[in-house]
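Input: a single structure, listed below in C-alpha cells.
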Amino acid sequence: MSDAWLGLIGFAAALALIALGLPVAIAMAAVGLLGYWWLEGWFSTAFVLGSSPFESIFPYSFSVIPLFVLMGAFASHAGLSRSLFTAINAFIGHRRGGLAVTTVGASALFGAICGSSLATVATIGRVALPEMRRHGYDDSLSTATVAAGGTLGVLIPPSVLLVIYGLLTQSSIGALFVGALLPGLLGAGLYALAVLGRVWADPGIAPRSA
C-alpha cells in the first residue's frame with residue numbers, strides 16, 4: 001500500500017473516530033501512532049512517542065504560552081472580567097442590546113489580557129450569560145455574542161496564536177502584534193454593529209434594561 005493511500009485511510013479513520021464521539025486529540029493520536037507503526041515499526045514508534053512530547057515543549061521561547069495562561073487565571077480569579085463587564089455596562093447597558101454589546105467589549109478587553117479565545121469565552125461567559133438571561137435576552141443572541149466575542153482573544157494582541165506563529169515562522173512577534181491590533185478593533189466594532197442590527201430587526205430578543 002502506498003503512503004498516499006495510507007494517509008487517506010488514516011484521515012478517514014480519524015474522522016470516523018471523531019464522529020463516534022472520541023475526543024479529537026485522542027482520535028488523531030491513535031491514528032497517527034498506528035500509521036507510524038505501519039510505516040516504521042514499533043521501535044521507531046516507541047522512540048517518537050517518548051521523545052516528541054518533550055521536544056515540543058522544551059524550547060525556552062515557548063515558555064511564554066503557560067505564562068499567558070497564568071496571566072489569564074490571575075485576571076479571572078481577581079474578578080477582572082466582572083469589573084470590565086460592569087464598567088462598560090455602566091455606559092451602554094441601559095440601551096436596547098446594550099448588554100450584548102457590553103459582552104463584545106468586555107471580551108475584547110479581556111482578550112487583550114490573556115490572549116486566549118477559550119479563556120475569554122469561559123471567563124466572560126460566566127459573567128455575561130447570567131446577566132443577559134436575567135434581563136430577558138434570547139439565548140440565541142446571548143450565546144452567539146459570547147462565542148463571537150471570544151474569537152477576539154486570539155486576534156487582539158497579545159495573542160498566544162500570534163506568538164506561536166511568530167516562533168514557528170521566525171517572524172517578528174512585535175510586528176505581528178502591531179499588524180493584528182487594527183483588525184482586532186475592527187472585528188470588535190463589526191460584532192457590536194451586528195448585534196445592534198440583529199436587535200433592530202427583532203427588538204424582542206433584547207429587552208431594554210432598566
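Lettering and numbering for the C-alpha cells are positional, with chains as A, B, ... in the shown order, residues counted from 1 in each chain, and ligands counted from 1 in the shown order.
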So that each row is one residue of region 39-130 of chain A with an atom at most 12 Å from region 160-163 of chain A, can you give its shortest atom pair and the distance in Å to one decimal, using only C-alpha atoms, rows by chain and rising number, as a Markdown table?
```
| residue | atom | partner | partner_atom | distance |
| --- | --- | --- | --- | --- |
| A:Ser61 | CA | A:Val163 | CA | 9.3 |
| A:Phe62 | CA | A:Val163 | CA | 8.5 |
| A:Ser63 | CA | A:Val163 | CA | 10.6 |
| A:Val64 | CA | A:Val163 | CA | 8.2 |
| A:Ile65 | CA | A:Val160 | CA | 6.3 |
| A:Pro66 | CA | A:Val160 | CA | 9.4 |
| A:Leu67 | CA | A:Val160 | CA | 9.9 |
| A:Phe68 | CA | A:Val160 | CA | 7.1 |
| A:Val69 | CA | A:Val160 | CA | 8.9 |
| A:Met71 | CA | A:Val160 | CA | 11.7 |
| A:Gly72 | CA | A:Val160 | CA | 11.4 |
| A:Gly111 | CA | A:Val160 | CA | 10.2 |
| A:Ala112 | CA | A:Val160 | CA | 10.5 |
| A:Ile113 | CA | A:Val160 | CA | 10.7 |
| A:Cys114 | CA | A:Val160 | CA | 8.3 |
| A:Gly115 | CA | A:Val160 | CA | 5.4 |
| A:Ser116 | CA | A:Val160 | CA | 6.3 |
| A:Ser117 | CA | A:Val160 | CA | 9.2 |
| A:Leu118 | CA | A:Val160 | CA | 11.2 |
| A:Ala119 | CA | A:Val160 | CA | 11.3 |
```
Go ahead and write the selection's residues with N, CA and C atoms as a PDB file, in the first residue's frame.
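The resulting out17.pdb:
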```
ATOM      1  N   SER A  61      11.691  29.545  24.248  1.00  0.00           N
ATOM      2  CA  SER A  61      10.811  30.561  23.665  1.00  0.00           C
ATOM      3  C   SER A  61       9.340  30.248  23.874  1.00  0.00           C
ATOM      4  N   PHE A  62       9.007  28.956  24.017  1.00  0.00           N
ATOM      5  CA  PHE A  62       7.605  28.587  24.201  1.00  0.00           C
ATOM      6  C   PHE A  62       7.142  28.756  25.649  1.00  0.00           C
ATOM      7  N   SER A  63       8.022  29.167  26.533  1.00  0.00           N
ATOM      8  CA  SER A  63       7.618  29.360  27.927  1.00  0.00           C
ATOM      9  C   SER A  63       6.624  30.503  28.073  1.00  0.00           C
ATOM     10  N   VAL A  64       6.496  31.341  27.047  1.00  0.00           N
ATOM     11  CA  VAL A  64       5.541  32.443  27.113  1.00  0.00           C
ATOM     12  C   VAL A  64       4.109  31.929  27.130  1.00  0.00           C
ATOM     13  N   ILE A  65       3.855  30.748  26.577  1.00  0.00           N
ATOM     14  CA  ILE A  65       2.479  30.247  26.461  1.00  0.00           C
ATOM     15  C   ILE A  65       1.870  29.944  27.829  1.00  0.00           C
ATOM     16  N   PRO A  66       2.518  29.121  28.689  1.00  0.00           N
ATOM     17  CA  PRO A  66       1.923  28.932  30.025  1.00  0.00           C
ATOM     18  C   PRO A  66       1.850  30.213  30.838  1.00  0.00           C
ATOM     19  N   LEU A  67       2.737  31.173  30.557  1.00  0.00           N
ATOM     20  CA  LEU A  67       2.662  32.448  31.268  1.00  0.00           C
ATOM     21  C   LEU A  67       1.424  33.235  30.842  1.00  0.00           C
ATOM     22  N   PHE A  68       1.045  33.149  29.572  1.00  0.00           N
ATOM     23  CA  PHE A  68      -0.201  33.751  29.125  1.00  0.00           C
ATOM     24  C   PHE A  68      -1.385  33.134  29.874  1.00  0.00           C
ATOM     25  N   VAL A  69      -1.389  31.803  29.940  1.00  0.00           N
ATOM     26  CA  VAL A  69      -2.475  31.114  30.629  1.00  0.00           C
ATOM     27  C   VAL A  69      -2.511  31.511  32.103  1.00  0.00           C
ATOM     28  N   MET A  71      -1.467  34.316  33.379  1.00  0.00           N
ATOM     29  CA  MET A  71      -1.962  35.686  33.474  1.00  0.00           C
ATOM     30  C   MET A  71      -3.482  35.720  33.373  1.00  0.00           C
ATOM     31  N   GLY A  72      -4.048  34.912  32.477  1.00  0.00           N
ATOM     32  CA  GLY A  72      -5.494  34.840  32.373  1.00  0.00           C
ATOM     33  C   GLY A  72      -6.144  34.288  33.621  1.00  0.00           C
ATOM     34  N   GLY A 111      -9.551  39.693  26.267  1.00  0.00           N
ATOM     35  CA  GLY A 111      -8.679  39.015  25.310  1.00  0.00           C
ATOM     36  C   GLY A 111      -7.325  39.681  25.188  1.00  0.00           C
ATOM     37  N   ALA A 112      -7.307  41.007  25.386  1.00  0.00           N
ATOM     38  CA  ALA A 112      -6.038  41.728  25.345  1.00  0.00           C
ATOM     39  C   ALA A 112      -5.185  41.457  26.577  1.00  0.00           C
ATOM     40  N   ILE A 113      -5.758  40.772  27.557  1.00  0.00           N
ATOM     41  CA  ILE A 113      -5.016  40.438  28.775  1.00  0.00           C
ATOM     42  C   ILE A 113      -4.494  39.010  28.730  1.00  0.00           C
ATOM     43  N   CYS A 114      -5.377  38.068  28.355  1.00  0.00           N
ATOM     44  CA  CYS A 114      -4.983  36.652  28.453  1.00  0.00           C
ATOM     45  C   CYS A 114      -4.539  36.067  27.126  1.00  0.00           C
ATOM     46  N   GLY A 115      -4.989  36.616  25.980  1.00  0.00           N
ATOM     47  CA  GLY A 115      -4.539  36.130  24.680  1.00  0.00           C
ATOM     48  C   GLY A 115      -5.078  34.788  24.269  1.00  0.00           C
ATOM     49  N   SER A 116      -6.176  34.330  24.881  1.00  0.00           N
ATOM     50  CA  SER A 116      -6.723  33.011  24.578  1.00  0.00           C
ATOM     51  C   SER A 116      -8.221  33.117  24.363  1.00  0.00           C
ATOM     52  N   SER A 117      -8.713  32.530  23.268  1.00  0.00           N
ATOM     53  CA  SER A 117     -10.150  32.555  22.999  1.00  0.00           C
ATOM     54  C   SER A 117     -10.927  31.714  24.002  1.00  0.00           C
ATOM     55  N   LEU A 118     -10.412  30.523  24.311  1.00  0.00           N
ATOM     56  CA  LEU A 118     -11.118  29.640  25.241  1.00  0.00           C
ATOM     57  C   LEU A 118     -11.250  30.283  26.616  1.00  0.00           C
ATOM     58  N   ALA A 119     -10.173  30.889  27.083  1.00  0.00           N
ATOM     59  CA  ALA A 119     -10.224  31.548  28.387  1.00  0.00           C
ATOM     60  C   ALA A 119     -11.171  32.737  28.365  1.00  0.00           C
TER      61      ALA A 119
END
```
With only C-alpha atoms as the counted atoms, please give the residues lying no more than 10 Å from Thr123 (chain A), apart from itself and same-chain residues fewer than 4 positions off, as a PyMOL selection string. chain A and resi 72-73+75-77+79-82+107+110+117-119+127-128+146+150
Do a neighbour search on Val199 (chain A) at 10 Å with only C-alpha atoms, toss out local chain neighbours closer than 3 positions, and write the hits as a list of chain:residue names. A:Arg96, A:Gly97, A:Gly98, A:Ala100, A:Leu141, A:Leu193, A:Ala194, A:Val195, A:Leu196, A:Asp202, A:Pro203, A:Gly204, A:Ile205, A:Ala206, A:Pro207
Between CA of Gly153 (chain A) and CA of Ala14 (chain A), what is the distance, to one decimal in Å?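 Here the two named atoms are 28.8 Å from each other.
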Grab the CA of Ala108 (chain A) to CA of Leu84 (chain A) distance for me, in Å with one decimal place. 10.0 Å
Interatomic distance (Å, one decimal) between CA of Thr145 (chain A) and CA of Phe177 (chain A): 24.4 Å
Best match for closeness to Leu99 (chain A) among A:Gly197, A:Pro130, A:Gly184, A:Gly7, counting only C-alpha atoms: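 Distance minimum relative to Leu99 (chain A) lands on A:Pro130.
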